[in-house]
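Source file: work-v9.cif (mmCIF, C-alpha atoms and all ligand atoms)
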data_run
loop_
_atom_site.label_atom_id
_atom_site.label_comp_id
_atom_site.auth_asym_id
_atom_site.auth_seq_id
_atom_site.Cartn_x
_atom_site.Cartn_y
_atom_site.Cartn_z
CA MET A 1 -60.67 116.96 -49.90
CA ASP A 2 -62.16 120.24 -51.08
CA THR A 3 -59.30 122.79 -50.94
CA ASN A 4 -61.05 125.85 -52.39
CA PRO A 5 -61.05 128.34 -49.50
CA LYS A 6 -63.94 130.25 -51.01
CA ARG A 7 -66.31 127.36 -50.29
CA ALA A 8 -67.66 127.15 -46.76
CA ASN A 9 -67.02 123.44 -46.45
CA ALA A 10 -63.49 123.53 -47.82
CA MET A 11 -61.14 122.24 -45.18
CA ASP A 12 -57.79 123.65 -46.16
CA ALA A 13 -57.94 127.13 -44.61
CA TYR A 14 -58.24 125.94 -41.02
CA TRP A 15 -54.78 124.92 -39.76
CA MET A 16 -55.85 122.69 -36.90
CA PRO A 17 -53.92 122.71 -33.61
CA PHE A 18 -52.03 119.61 -32.44
CA THR A 19 -53.61 117.69 -35.32
CA ALA A 20 -52.31 115.59 -38.19
CA ASN A 21 -54.06 117.98 -40.59
CA ARG A 22 -53.72 116.01 -43.81
CA HIS A 23 -54.77 112.72 -42.20
CA PHE A 24 -57.74 114.36 -40.48
CA LYS A 25 -58.94 116.20 -43.57
CA ARG A 26 -58.93 112.99 -45.61
CA ASN A 27 -61.14 111.37 -43.01
CA PRO A 28 -62.74 114.07 -40.84
CA ARG A 29 -64.52 113.47 -37.58
CA MET A 30 -66.94 116.35 -37.15
CA ILE A 31 -68.92 117.09 -34.02
CA ALA A 32 -72.22 118.91 -34.53
CA GLY A 33 -73.67 118.93 -31.01
CA ALA A 34 -73.15 117.82 -27.43
CA GLU A 35 -75.24 117.20 -24.34
CA GLY A 36 -74.37 115.58 -21.03
CA MET A 37 -71.97 112.70 -21.63
CA TYR A 38 -72.43 112.52 -25.40
CA TYR A 39 -71.41 114.24 -28.62
CA THR A 40 -73.52 114.05 -31.74
CA THR A 41 -71.52 113.77 -34.95
CA SER A 42 -72.45 115.50 -38.20
CA GLU A 43 -73.88 112.13 -39.33
CA GLY A 44 -76.13 112.08 -36.28
CA LYS A 45 -74.19 109.36 -34.43
CA LYS A 46 -73.88 109.55 -30.62
CA VAL A 47 -70.36 109.34 -29.20
CA LEU A 48 -69.56 108.94 -25.51
CA ASP A 49 -67.17 111.67 -24.37
CA GLY A 50 -64.43 109.74 -22.59
CA THR A 51 -62.22 112.80 -22.14
CA ALA A 52 -64.51 115.66 -21.03
CA GLY A 53 -63.56 117.47 -24.22
CA LEU A 54 -59.90 118.21 -23.56
CA TRP A 55 -60.04 117.46 -19.82
CA CYS A 56 -62.30 120.47 -19.30
CA VAL A 57 -66.03 119.72 -19.49
CA ASN A 58 -66.19 118.45 -15.92
CA ALA A 59 -69.92 119.11 -15.44
CA GLY A 60 -70.85 117.51 -18.77
CA HIS A 61 -71.89 119.27 -21.97
CA ALA A 62 -74.54 121.99 -22.08
CA ALA A 63 -74.83 122.12 -18.28
CA PRO A 64 -78.03 124.22 -18.03
CA ARG A 65 -76.96 126.63 -15.28
CA ILE A 66 -73.77 127.55 -17.16
CA THR A 67 -75.55 128.01 -20.50
CA GLU A 68 -78.12 130.25 -18.84
CA ALA A 69 -75.49 132.31 -17.02
CA VAL A 70 -73.56 132.94 -20.23
CA LYS A 71 -76.71 133.97 -22.11
CA ASN A 72 -77.73 136.38 -19.36
CA GLN A 73 -74.29 137.89 -19.00
CA MET A 74 -74.09 138.60 -22.72
CA THR A 75 -77.06 140.93 -22.44
CA GLU A 76 -76.19 142.42 -19.02
CA LEU A 77 -72.49 143.28 -19.50
CA ASP A 78 -70.64 141.81 -22.45
CA TYR A 79 -67.22 143.35 -21.86
CA ALA A 80 -65.50 145.66 -19.41
CA PRO A 81 -61.93 146.91 -19.75
CA ALA A 82 -59.65 144.75 -17.65
CA PHE A 83 -57.08 147.43 -16.71
CA GLN A 84 -57.81 150.18 -14.15
CA MET A 85 -61.47 149.11 -14.19
CA GLY A 86 -63.53 146.43 -12.48
CA HIS A 87 -66.87 144.67 -12.56
CA PRO A 88 -68.49 142.82 -9.66
CA LYS A 89 -68.36 139.26 -11.02
CA ALA A 90 -64.54 139.30 -11.31
CA PHE A 91 -64.27 140.13 -7.60
CA GLU A 92 -66.93 137.60 -6.68
CA LEU A 93 -65.17 134.89 -8.66
CA ALA A 94 -61.76 135.71 -7.17
CA ASN A 95 -63.29 135.42 -3.68
CA ARG A 96 -64.92 132.11 -4.50
CA LEU A 97 -61.67 130.72 -5.88
CA ALA A 98 -59.63 131.96 -2.93
CA GLU A 99 -62.12 130.23 -0.64
CA LEU A 100 -61.82 127.00 -2.61
CA ALA A 101 -58.02 127.08 -2.86
CA PRO A 102 -55.89 125.40 -0.20
CA GLY A 103 -53.93 127.16 2.53
CA ASP A 104 -53.13 130.81 2.10
CA LEU A 105 -53.61 130.93 -1.67
CA ASN A 106 -55.83 133.95 -1.17
CA HIS A 107 -55.27 135.91 -4.38
CA VAL A 108 -56.28 135.23 -7.96
CA PHE A 109 -54.95 136.51 -11.30
CA PHE A 110 -57.18 135.88 -14.32
CA THR A 111 -55.92 134.68 -17.70
CA ASN A 112 -57.52 133.09 -20.75
CA SER A 113 -55.93 129.66 -20.93
CA GLY A 114 -53.68 127.19 -19.20
CA SER A 115 -50.69 128.41 -21.20
CA GLU A 116 -51.29 131.97 -20.05
CA SER A 117 -51.74 130.85 -16.45
CA VAL A 118 -48.31 129.22 -16.63
CA GLU A 119 -46.65 132.32 -18.12
CA THR A 120 -48.34 134.41 -15.45
CA ALA A 121 -47.12 132.22 -12.60
CA LEU A 122 -43.56 132.09 -13.93
CA LYS A 123 -43.45 135.88 -14.34
CA ILE A 124 -44.90 136.44 -10.87
CA ALA A 125 -42.26 134.10 -9.42
CA LEU A 126 -39.43 136.10 -11.02
CA ALA A 127 -40.92 139.47 -10.08
CA TYR A 128 -41.62 138.28 -6.52
CA HIS A 129 -37.98 137.49 -5.85
CA LYS A 130 -36.98 140.83 -7.37
CA ALA A 131 -39.49 142.61 -5.16
CA LYS A 132 -38.02 140.83 -2.12
CA GLY A 133 -34.50 141.95 -3.04
CA ASN A 134 -33.42 138.53 -4.34
CA ALA A 135 -32.88 139.53 -7.95
CA SER A 136 -30.36 136.70 -8.52
CA ARG A 137 -33.20 134.17 -8.31
CA THR A 138 -33.99 133.96 -12.02
CA ARG A 139 -33.71 130.26 -12.76
CA LEU A 140 -36.85 128.20 -13.41
CA ILE A 141 -36.96 124.46 -12.90
CA GLY A 142 -39.43 122.20 -14.70
CA ARG A 143 -39.46 118.45 -15.17
CA GLU A 144 -38.88 116.09 -18.06
CA LYS A 145 -42.21 115.05 -19.65
CA GLY A 146 -43.94 118.05 -18.04
CA TYR A 147 -46.58 119.87 -20.07
CA HIS A 148 -47.13 123.52 -19.28
CA GLY A 149 -48.86 124.75 -22.41
CA VAL A 150 -47.37 126.07 -25.58
CA ASN A 151 -46.06 129.57 -24.92
CA PHE A 152 -42.34 130.21 -24.62
CA GLY A 153 -42.08 130.02 -20.84
CA GLY A 154 -44.27 126.94 -20.75
CA ILE A 155 -42.33 125.04 -23.40
CA ALA A 156 -39.03 126.06 -21.80
CA VAL A 157 -39.97 124.56 -18.41
CA GLY A 158 -41.94 121.80 -20.13
CA GLY A 159 -40.31 118.50 -20.95
CA ILE A 160 -42.15 117.09 -23.95
CA VAL A 161 -39.51 116.93 -26.65
CA ASN A 162 -41.67 117.58 -29.72
CA ASN A 163 -43.16 120.67 -28.12
CA ARG A 164 -39.65 122.13 -27.69
CA ARG A 165 -37.33 120.92 -30.42
CA HIS A 166 -38.74 123.01 -33.29
CA PHE A 167 -38.77 126.36 -31.54
CA GLY A 168 -35.24 127.59 -31.12
CA SER A 169 -33.43 128.13 -27.87
CA LEU A 170 -36.51 128.95 -25.74
CA LEU A 171 -35.84 130.66 -22.39
CA THR A 172 -32.38 130.62 -20.94
CA GLY A 173 -31.76 129.75 -17.31
CA VAL A 174 -34.05 126.74 -17.19
CA ASP A 175 -33.29 123.26 -15.94
CA HIS A 176 -35.31 120.09 -15.50
CA LEU A 177 -35.85 117.46 -12.86
CA ARG A 178 -35.86 113.88 -14.07
CA HIS A 179 -39.31 112.50 -14.84
CA THR A 180 -40.93 109.87 -12.62
CA HIS A 181 -42.25 107.49 -15.28
CA ASP A 182 -40.99 104.04 -14.29
CA LEU A 183 -42.87 101.13 -15.81
CA GLU A 184 -40.48 98.56 -14.48
CA ARG A 185 -41.16 99.37 -10.85
CA ASN A 186 -44.56 101.04 -10.93
CA ALA A 187 -46.76 99.35 -13.54
CA TYR A 188 -50.50 99.18 -12.69
CA SER A 189 -50.56 101.94 -10.06
CA GLN A 190 -53.47 103.91 -8.70
CA GLY A 191 -53.32 107.40 -7.14
CA GLU A 192 -49.61 107.42 -6.41
CA ALA A 193 -46.80 105.19 -7.62
CA GLU A 194 -45.08 103.00 -5.04
CA HIS A 195 -41.49 103.73 -6.06
CA GLY A 196 -39.51 106.83 -6.90
CA VAL A 197 -39.62 109.19 -3.92
CA GLU A 198 -35.84 109.46 -4.28
CA LEU A 199 -36.35 111.30 -7.59
CA ALA A 200 -37.30 114.39 -5.57
CA GLU A 201 -33.63 114.50 -4.50
CA ASP A 202 -32.91 115.48 -8.09
CA LEU A 203 -33.86 118.96 -6.98
CA VAL A 204 -31.05 118.86 -4.42
CA ARG A 205 -28.70 117.95 -7.27
CA LEU A 206 -29.86 121.00 -9.27
CA ILE A 207 -29.52 123.22 -6.21
CA GLU A 208 -25.97 121.96 -5.71
CA LEU A 209 -25.24 122.52 -9.38
CA HIS A 210 -26.70 126.02 -9.77
CA GLY A 211 -26.85 127.41 -6.23
CA ALA A 212 -30.20 127.92 -4.48
CA GLU A 213 -29.75 131.67 -4.68
CA THR A 214 -30.16 131.48 -8.49
CA ILE A 215 -33.41 129.50 -8.45
CA ALA A 216 -36.79 131.25 -8.48
CA ALA A 217 -39.31 128.43 -8.78
CA VAL A 218 -40.02 124.80 -9.49
CA ILE A 219 -43.09 124.01 -11.58
CA VAL A 220 -44.61 120.54 -11.80
CA GLU A 221 -47.97 118.99 -12.53
CA PRO A 222 -48.96 117.08 -9.38
CA MET A 223 -50.12 114.36 -11.78
CA ALA A 224 -48.66 114.80 -15.26
CA GLY A 225 -51.66 114.52 -17.59
CA SER A 226 -50.61 115.32 -21.13
CA ALA A 227 -47.50 113.14 -21.09
CA GLY A 228 -49.79 110.18 -20.49
CA VAL A 229 -50.97 110.25 -16.87
CA ILE A 230 -47.76 109.91 -14.90
CA LEU A 231 -48.54 109.53 -11.21
CA PRO A 232 -46.30 111.06 -8.57
CA PRO A 233 -44.40 108.53 -6.48
CA LYS A 234 -45.55 108.27 -2.85
CA GLY A 235 -43.98 111.06 -0.81
CA TYR A 236 -42.44 112.74 -3.87
CA LEU A 237 -44.51 115.95 -3.87
CA LYS A 238 -44.12 116.32 -0.10
CA ARG A 239 -40.38 116.02 -0.47
CA LEU A 240 -40.33 118.64 -3.27
CA ARG A 241 -42.25 120.91 -0.91
CA GLU A 242 -39.71 120.37 1.89
CA ILE A 243 -36.72 121.04 -0.33
CA THR A 244 -38.22 124.14 -1.98
CA ARG A 245 -39.22 125.56 1.40
CA GLU A 246 -35.81 124.90 2.89
CA HIS A 247 -34.10 126.77 0.04
CA GLY A 248 -36.49 129.70 -0.46
CA ILE A 249 -37.65 128.40 -3.85
CA LEU A 250 -41.30 128.80 -4.87
CA LEU A 251 -43.29 125.68 -5.71
CA ILE A 252 -45.88 126.02 -8.48
CA PHE A 253 -48.40 123.26 -9.14
CA ASP A 254 -49.70 123.33 -12.68
CA GLU A 255 -53.25 122.11 -12.12
CA VAL A 256 -54.74 122.97 -15.47
CA ILE A 257 -55.94 119.36 -15.62
CA THR A 258 -56.13 118.33 -11.96
CA ALA A 259 -58.10 121.32 -10.60
CA TYR A 260 -61.89 121.46 -10.26
CA GLY A 261 -62.62 117.93 -9.20
CA ARG A 262 -60.71 115.81 -11.68
CA LEU A 263 -59.13 113.83 -8.84
CA GLY A 264 -62.19 113.94 -6.59
CA ARG A 265 -61.03 117.03 -4.69
CA ALA A 266 -61.08 120.70 -5.61
CA PHE A 267 -57.35 120.60 -6.42
CA GLY A 268 -54.64 118.03 -6.89
CA ALA A 269 -52.94 119.81 -3.98
CA ASP A 270 -55.82 118.60 -1.77
CA TYR A 271 -55.74 115.09 -3.20
CA TYR A 272 -52.01 114.73 -2.60
CA GLY A 273 -51.98 116.75 0.63
CA VAL A 274 -49.27 119.23 -0.43
CA GLU A 275 -49.62 123.03 -0.50
CA PRO A 276 -47.73 124.88 -3.20
CA ASP A 277 -47.12 128.66 -3.39
CA MET A 278 -49.09 129.06 -6.60
CA ILE A 279 -51.58 126.95 -8.55
CA THR A 280 -52.23 127.43 -12.26
CA THR A 281 -55.68 126.49 -13.57
CA ALA A 282 -57.95 126.85 -16.62
CA LYS A 283 -60.09 124.20 -18.39
CA GLY A 284 -62.69 123.11 -15.78
CA LEU A 285 -62.85 126.64 -14.38
CA THR A 286 -65.61 127.47 -16.89
CA ASN A 287 -66.43 123.88 -17.81
CA GLY A 288 -64.62 124.64 -21.06
CA VAL A 289 -67.39 126.83 -22.48
CA ILE A 290 -65.55 130.18 -22.40
CA PRO A 291 -61.74 130.41 -22.46
CA MET A 292 -60.50 131.38 -19.01
CA GLY A 293 -57.65 130.61 -16.65
CA ALA A 294 -56.84 131.58 -13.09
CA VAL A 295 -53.66 131.54 -11.03
CA MET A 296 -54.05 131.16 -7.27
CA ILE A 297 -51.30 132.98 -5.41
CA SER A 298 -50.22 132.97 -1.77
CA SER A 299 -50.62 136.04 0.42
CA GLU A 300 -46.86 136.02 1.01
CA ILE A 301 -46.23 136.45 -2.73
CA HIS A 302 -49.07 138.91 -3.34
CA ASP A 303 -48.18 141.10 -0.38
CA ALA A 304 -44.57 141.42 -1.53
CA PHE A 305 -45.85 143.45 -4.48
CA MET A 306 -48.11 145.73 -2.43
CA THR A 307 -45.40 148.19 -1.46
CA GLY A 308 -44.29 151.50 -2.93
CA PRO A 309 -46.54 154.43 -3.88
CA ASP A 310 -50.12 153.25 -4.25
CA HIS A 311 -50.81 155.05 -7.53
CA MET A 312 -48.23 152.79 -9.20
CA ILE A 313 -49.12 149.57 -11.02
CA GLU A 314 -47.68 146.75 -8.90
CA LEU A 315 -47.40 144.07 -11.59
CA PHE A 316 -46.84 144.96 -15.24
CA HIS A 317 -48.80 142.04 -16.58
CA GLY A 318 -52.34 141.30 -17.73
CA TYR A 319 -54.55 140.42 -20.70
CA THR A 320 -57.29 142.31 -22.54
CA TYR A 321 -59.64 139.49 -21.53
CA SER A 322 -58.43 138.97 -17.92
CA GLY A 323 -61.62 138.53 -15.91
CA ASN A 324 -63.88 138.91 -18.95
CA PRO A 325 -67.46 139.26 -17.62
CA VAL A 326 -68.90 136.42 -19.70
CA ALA A 327 -66.05 134.13 -18.66
CA CYS A 328 -66.60 135.12 -15.02
CA ALA A 329 -70.32 134.35 -15.32
CA ALA A 330 -69.51 130.95 -16.82
CA ALA A 331 -66.98 130.20 -14.06
CA LEU A 332 -69.34 131.23 -11.24
CA ALA A 333 -72.05 129.03 -12.71
CA ALA A 334 -69.57 126.17 -13.13
CA LEU A 335 -68.53 126.45 -9.46
CA ASP A 336 -72.22 126.52 -8.45
CA THR A 337 -72.86 123.43 -10.55
CA TYR A 338 -69.88 121.58 -9.07
CA ARG A 339 -71.11 122.39 -5.57
CA GLU A 340 -74.82 121.79 -6.04
CA GLU A 341 -74.39 118.55 -7.94
CA GLU A 342 -71.55 117.56 -5.56
CA LEU A 343 -69.44 116.63 -8.54
CA PHE A 344 -66.08 116.59 -6.75
CA GLU A 345 -67.52 114.19 -4.18
CA ARG A 346 -69.09 112.19 -6.97
CA ALA A 347 -65.72 111.83 -8.70
CA ALA A 348 -64.22 110.66 -5.40
CA SER A 349 -66.98 108.11 -4.87
CA LEU A 350 -66.53 106.71 -8.40
CA GLU A 351 -62.74 106.48 -8.17
CA GLY A 352 -62.72 102.82 -7.11
CA TYR A 353 -65.29 101.72 -9.70
CA TRP A 354 -63.40 103.63 -12.38
CA ALA A 355 -60.09 102.03 -11.43
CA GLU A 356 -61.64 98.55 -11.49
CA ALA A 357 -63.02 99.18 -14.99
CA MET A 358 -59.62 100.44 -16.16
CA PHE A 359 -57.69 97.58 -14.59
CA SER A 360 -60.09 95.07 -16.21
CA LEU A 361 -58.24 95.87 -19.46
CA LYS A 362 -55.04 94.31 -18.09
CA GLY A 363 -53.89 91.41 -20.25
CA LEU A 364 -55.56 92.64 -23.47
CA PRO A 365 -53.33 92.78 -26.57
CA HIS A 366 -50.37 95.20 -26.36
CA VAL A 367 -51.38 96.62 -22.96
CA LYS A 368 -48.23 97.18 -20.90
CA ASP A 369 -49.48 99.47 -18.15
CA ILE A 370 -52.64 100.98 -16.72
CA ARG A 371 -52.62 103.99 -14.40
CA CYS A 372 -55.48 105.74 -12.60
CA ALA A 373 -56.11 108.62 -10.23
CA GLY A 374 -59.49 110.16 -9.48
CA LEU A 375 -61.47 110.07 -12.73
CA VAL A 376 -58.37 109.85 -14.90
CA GLY A 377 -57.16 106.68 -16.53
CA ALA A 378 -54.42 105.74 -18.96
CA VAL A 379 -53.64 102.57 -20.87
CA GLU A 380 -50.09 102.41 -22.17
CA LEU A 381 -49.55 100.23 -25.24
CA GLU A 382 -46.58 98.49 -26.76
CA PRO A 383 -45.69 100.63 -29.82
CA VAL A 384 -45.73 99.15 -33.33
CA ALA A 385 -42.06 98.60 -34.32
CA ASP A 386 -40.64 101.74 -35.96
CA MET A 387 -44.04 103.44 -35.97
CA PRO A 388 -44.47 105.27 -32.66
CA THR A 389 -48.01 106.57 -31.94
CA LYS A 390 -49.57 104.31 -34.60
CA ARG A 391 -50.85 101.69 -32.16
CA ALA A 392 -52.70 104.19 -30.01
CA LEU A 393 -54.05 106.12 -32.99
CA ASP A 394 -55.50 102.93 -34.49
CA VAL A 395 -57.17 102.06 -31.18
CA TYR A 396 -58.49 105.61 -30.92
CA LEU A 397 -59.99 105.48 -34.43
CA ARG A 398 -61.60 102.09 -33.80
CA ALA A 399 -63.10 103.40 -30.55
CA TRP A 400 -64.47 106.45 -32.36
CA ASP A 401 -66.18 104.15 -34.89
CA LYS A 402 -67.62 102.15 -32.00
CA GLY A 403 -68.98 105.29 -30.31
CA ALA A 404 -66.41 106.59 -27.80
CA HIS A 405 -64.05 109.54 -27.87
CA LEU A 406 -60.67 108.89 -26.22
CA ARG A 407 -57.39 110.79 -26.27
CA THR A 408 -53.99 109.60 -27.36
CA THR A 409 -50.58 110.84 -26.39
CA GLY A 410 -47.71 108.86 -27.86
CA ASP A 411 -48.81 105.23 -27.49
CA ILE A 412 -50.89 105.95 -24.44
CA ILE A 413 -54.68 106.14 -24.39
CA ALA A 414 -55.86 108.68 -21.81
CA MET A 415 -59.36 109.04 -20.41
CA SER A 416 -60.91 111.70 -18.19
CA PRO A 417 -64.70 111.67 -18.53
CA PRO A 418 -67.06 114.38 -17.28
CA LEU A 419 -67.60 113.93 -13.54
CA ILE A 420 -71.31 113.27 -14.18
CA ILE A 421 -70.48 109.87 -15.70
CA GLU A 422 -72.74 106.99 -14.57
CA LYS A 423 -71.45 103.52 -13.73
CA GLN A 424 -73.01 102.02 -16.86
CA GLU A 425 -71.23 104.64 -18.94
CA ILE A 426 -67.94 103.70 -17.30
CA ASP A 427 -68.71 100.11 -18.31
CA GLU A 428 -69.59 101.27 -21.83
CA LEU A 429 -66.32 103.21 -22.15
CA ALA A 430 -64.19 100.35 -20.85
CA GLY A 431 -66.12 97.91 -23.07
CA ILE A 432 -65.53 99.96 -26.22
CA LEU A 433 -61.85 100.35 -25.36
CA ALA A 434 -61.54 96.60 -24.74
CA GLU A 435 -63.11 95.82 -28.14
CA SER A 436 -60.89 98.43 -29.81
CA LEU A 437 -57.77 96.88 -28.28
CA ILE A 438 -58.75 93.41 -29.47
CA ALA A 439 -59.51 94.45 -33.07
C1 LIG B 501 -50.83 120.94 -17.05
C2 LIG B 501 -51.20 121.82 -18.20
N1 LIG B 501 -50.73 123.06 -18.25
C3 LIG B 501 -51.04 123.91 -19.25
C4 LIG B 501 -51.87 123.50 -20.26
C5 LIG B 501 -52.19 124.44 -21.39
O1 LIG B 501 -53.51 124.83 -21.36
P1 LIG B 501 -54.14 125.59 -22.63
O2 LIG B 501 -54.23 124.57 -23.72
O3 LIG B 501 -55.47 126.06 -22.11
O4 LIG B 501 -53.25 126.72 -22.97
C6 LIG B 501 -52.41 122.21 -20.24
C7 LIG B 501 -53.30 121.75 -21.31
O5 LIG B 501 -53.61 120.59 -21.44
C8 LIG B 501 -52.06 121.34 -19.19
O6 LIG B 501 -52.49 120.08 -19.15
#
Can the structure in the file be given as structure tokens, please?
Amino acid sequence: MDTNPKRANAMDAYWMPFTANRHFKRNPRMIAGAEGMYYTTSEGKKVLDGTAGLWCVNAGHAAPRITEAVKNQMTELDYAPAFQMGHPKAFELANRLAELAPGDLNHVFFTNSGSESVETALKIALAYHKAKGNASRTRLIGREKGYHGVNFGGIAVGGIVNNRRHFGSLLTGVDHLRHTHDLERNAYSQGEAEHGVELAEDLVRLIELHGAETIAAVIVEPMAGSAGVILPPKGYLKRLREITREHGILLIFDEVITAYGRLGRAFGADYYGVEPDMITTAKGLTNGVIPMGAVMISSEIHDAFMTGPDHMIELFHGYTYSGNPVACAAALAALDTYREEELFERAASLEGYWAEAMFSLKGLPHVKDIRCAGLVGAVELEPVADMPTKRALDVYLRAWDKGAHLRTTGDIIAMSPPLIIEKQEIDELAGILAESLIA
């Protein structure tokens, strides 16, 4: 490895995120281009994108309408201050998102990432209760194995141990529901898992322990993506909704992965038929091309802030790049693309074919579970003794050599292709994974 930072191709200066830096830099995998379903590597090899980038390129790479919109916006209006100032596309985008969002989620707060969307939602939850005169509601409830990004609020409510253990005491006043991963009862599930609705009663336990009047919000991913595609048990999300409503606790769905068609509907909330009080999103909002996130917020929450003298700022929160014009242009074009190419419907119509392809891997070496929902699939592997993550990493590297990009989390292979995937590409992806599992 060239470690001289003065040379352009030296690799040492870039500290790569969530990456085994030394391993990668000894054997780098470099992407030079991308179009549609495929990456081109720096050696000119084509690689099928089995993960839509990082669960974000839902319309496929270099979607022409989005590229064009970004180019045009750069010359029309590159930046506008986000505070005490507006530009038309931010309002247009907020309207479009409010229209798309379920129920009375009629208000939108813009951020730059999933992590920031989570922080925003958690802060709004706390400030909402304060605004309503319930200042004792300060506790936040997450769930074991939950992933809510990497900022302090997100890792505090999150439940992935390695994302928490190195970073001190995090936020105080946080508790966690038990996770719903249950291989013994639920192996080989699609959409929802058969067993585990009773785990929602864990929230009742926490309410009995802490007192409902101390709890501000519960945040869960409707389908937990980053922990390895953990499906909600049948009836579980509905039950969480009932309990939160009964006790005046807000329910936040973190849909950074599940929003914008990943499950064949606009939101996971639509797919699972449960309406939360807030939805956090990012990723597919701009098809991944410009960083942007959005939090959808109910009228009940929003309106609680719209009191007091009207020259006063109602919420002391926001980012320099909230509603950045270029990001807004990318998001509007992404929404147009999703609608015109009927990509959400397309994902729904491919769900069965996708699941069949995934389940065809059952019985291959070391496979101990397969889970699917919408255009998401996961294959859980038996770990190598005393070497957790090694099995999945080896499979991932073999698949890369054979021309497919997958994602690993622990010993789980996760897949979430662009929604433009064709049936023969689903076959290609499953075929490469099968070969990579065998050798
Ligand atoms: C459910 C969920 N929340 C939050 C995040 C964090 O998003 P970002 O990496 O854009 O900060 C992710 C990222 O994968 C996610 O899956």
Show me, as a list in words, the residues that have an atom within 6 Å of segment 374-384 of chain A when counting all atoms listed in the file, minus same-chain residues fewer than 4 positions from it.
Arg262, Leu263, Gly264, Glu351, His366, Val367, Lys368, Asp369, Ile370, Pro388, Arg391, Asp411, Ile412, Ile413, Ala414, Met415 and Ser416 of chain A
Protein and nucleic acid residues within 10 Å of ligand LIG 501 (chain B) (all atoms listed in the file) as a PyMOL selection string:
chain A and resi 54-56+111-119+146-151+154-155+158+219-227+253-259+280-283+288+291-293
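Counting from atom CA of Gly363 of chain A, the distance to atom CA of Tyr38 of chain A is 28.6 Å.
In terms of minimum interatomic distance to Asn162 of chain A, A:Gly410 ranks closest within A:Ala357, A:Gly410, A:Pro102, A:Ala121, counting all atoms listed in the file.
The gap separating atom CA of Gly142 of chain A from atom CA of His317 of chain A is 22.0 Å, in Å to one decimal.
Residue nearest Tyr321 of chain A within the list A:Ala294, A:Leu361, A:Leu97, A:Leu171: A:Ala294 [criterion: smallest interatomic distance, all atoms listed in the file].
Residues in contact range of Ser42 of chain A, defined as at most 9 Å between only C-alpha atoms, with sequence neighbours fewer than 6 positions away removed, read Arg29, Met30, Ile31, Ala32 and Gly33 of chain A.
Taking atom CA of Lys89 of chain A and atom CA of Met74 of chain A as endpoints, the distance between them is 13.0 Å.
Residue nearest Ala329 of chain A within the list A:Ile141, A:Ile421, A:Ile230, A:Ile66: A:Ile66 [criterion: smallest interatomic distance, all atoms listed in the file].
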Selection near segment 212-217 of chain A, 12 Å with only C-alpha atoms, sequence-local residues under 4 positions removed, as an MDAnalysis selection string
chainID A and resid 118 121:130 132:143 157 173:176 203:208 240:241 243:253 276:278
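The nearest approach to Leu393 of chain A among the residues A:Ala20, A:Ala156, A:Ala13, A:Leu183, with only C-alpha atoms taken into account, belongs to A:Ala20.
When all atoms listed in the file are used to compute distances to Leu315 of chain A, the closest of the residues A:Thr120, A:Asn95, A:Asn58, A:Asn27 turns out to be A:Thr120.
Proximity to Ser360 of chain A at 10 Å, evaluated using only C-alpha atoms and with sequence-adjacent residues fewer than 3 positions away removed, yields Trp354, Ala355, Glu356, Ala357, Gly363, Leu364, Ile370, Ala430, Gly431 and Ala434 of chain A.
If you measure from each of A:Pro28, A:Gly228, A:Gly44, A:Gly50 to Leu433 of chain A using all atoms listed in the file, the closest one turns out to be A:Gly50.
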Enclose all atoms of segment 38-47 of chain A listed in the file in an axis-aligned box, grow every side by 5 Å, and hand back centre and edge lengths in Å to one decimal, as AutoDock Vina command-line options.
--center_x -73.2 --center_y 112.4 --center_z -32.4 --size_x 15.8 --size_y 16.2 --size_z 23.9
What lies within 9 Å of Val108 of chain A using only C-alpha atoms, ignoring chain neighbours under 3 positions off, as a ChimeraX atom specification?
/A:93-95,97-98,105,294-298
May I have the selected residues written with C-alpha atoms, as a PDB file, keeping the file's coordinate frame?
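That gives us selection_13.pdb:
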ATOM      1  CA  LEU A  93     -65.170 134.890  -8.660  1.00  0.00           C
ATOM      2  CA  ALA A  94     -61.760 135.710  -7.170  1.00  0.00           C
ATOM      3  CA  ASN A  95     -63.290 135.420  -3.680  1.00  0.00           C
ATOM      4  CA  LEU A  97     -61.670 130.720  -5.880  1.00  0.00           C
ATOM      5  CA  ALA A  98     -59.630 131.960  -2.930  1.00  0.00           C
ATOM      6  CA  LEU A 105     -53.610 130.930  -1.670  1.00  0.00           C
ATOM      7  CA  ALA A 294     -56.840 131.580 -13.090  1.00  0.00           C
ATOM      8  CA  VAL A 295     -53.660 131.540 -11.030  1.00  0.00           C
ATOM      9  CA  MET A 296     -54.050 131.160  -7.270  1.00  0.00           C
ATOM     10  CA  ILE A 297     -51.300 132.980  -5.410  1.00  0.00           C
ATOM     11  CA  SER A 298     -50.220 132.970  -1.770  1.00  0.00           C
TER      12      SER A 298
END
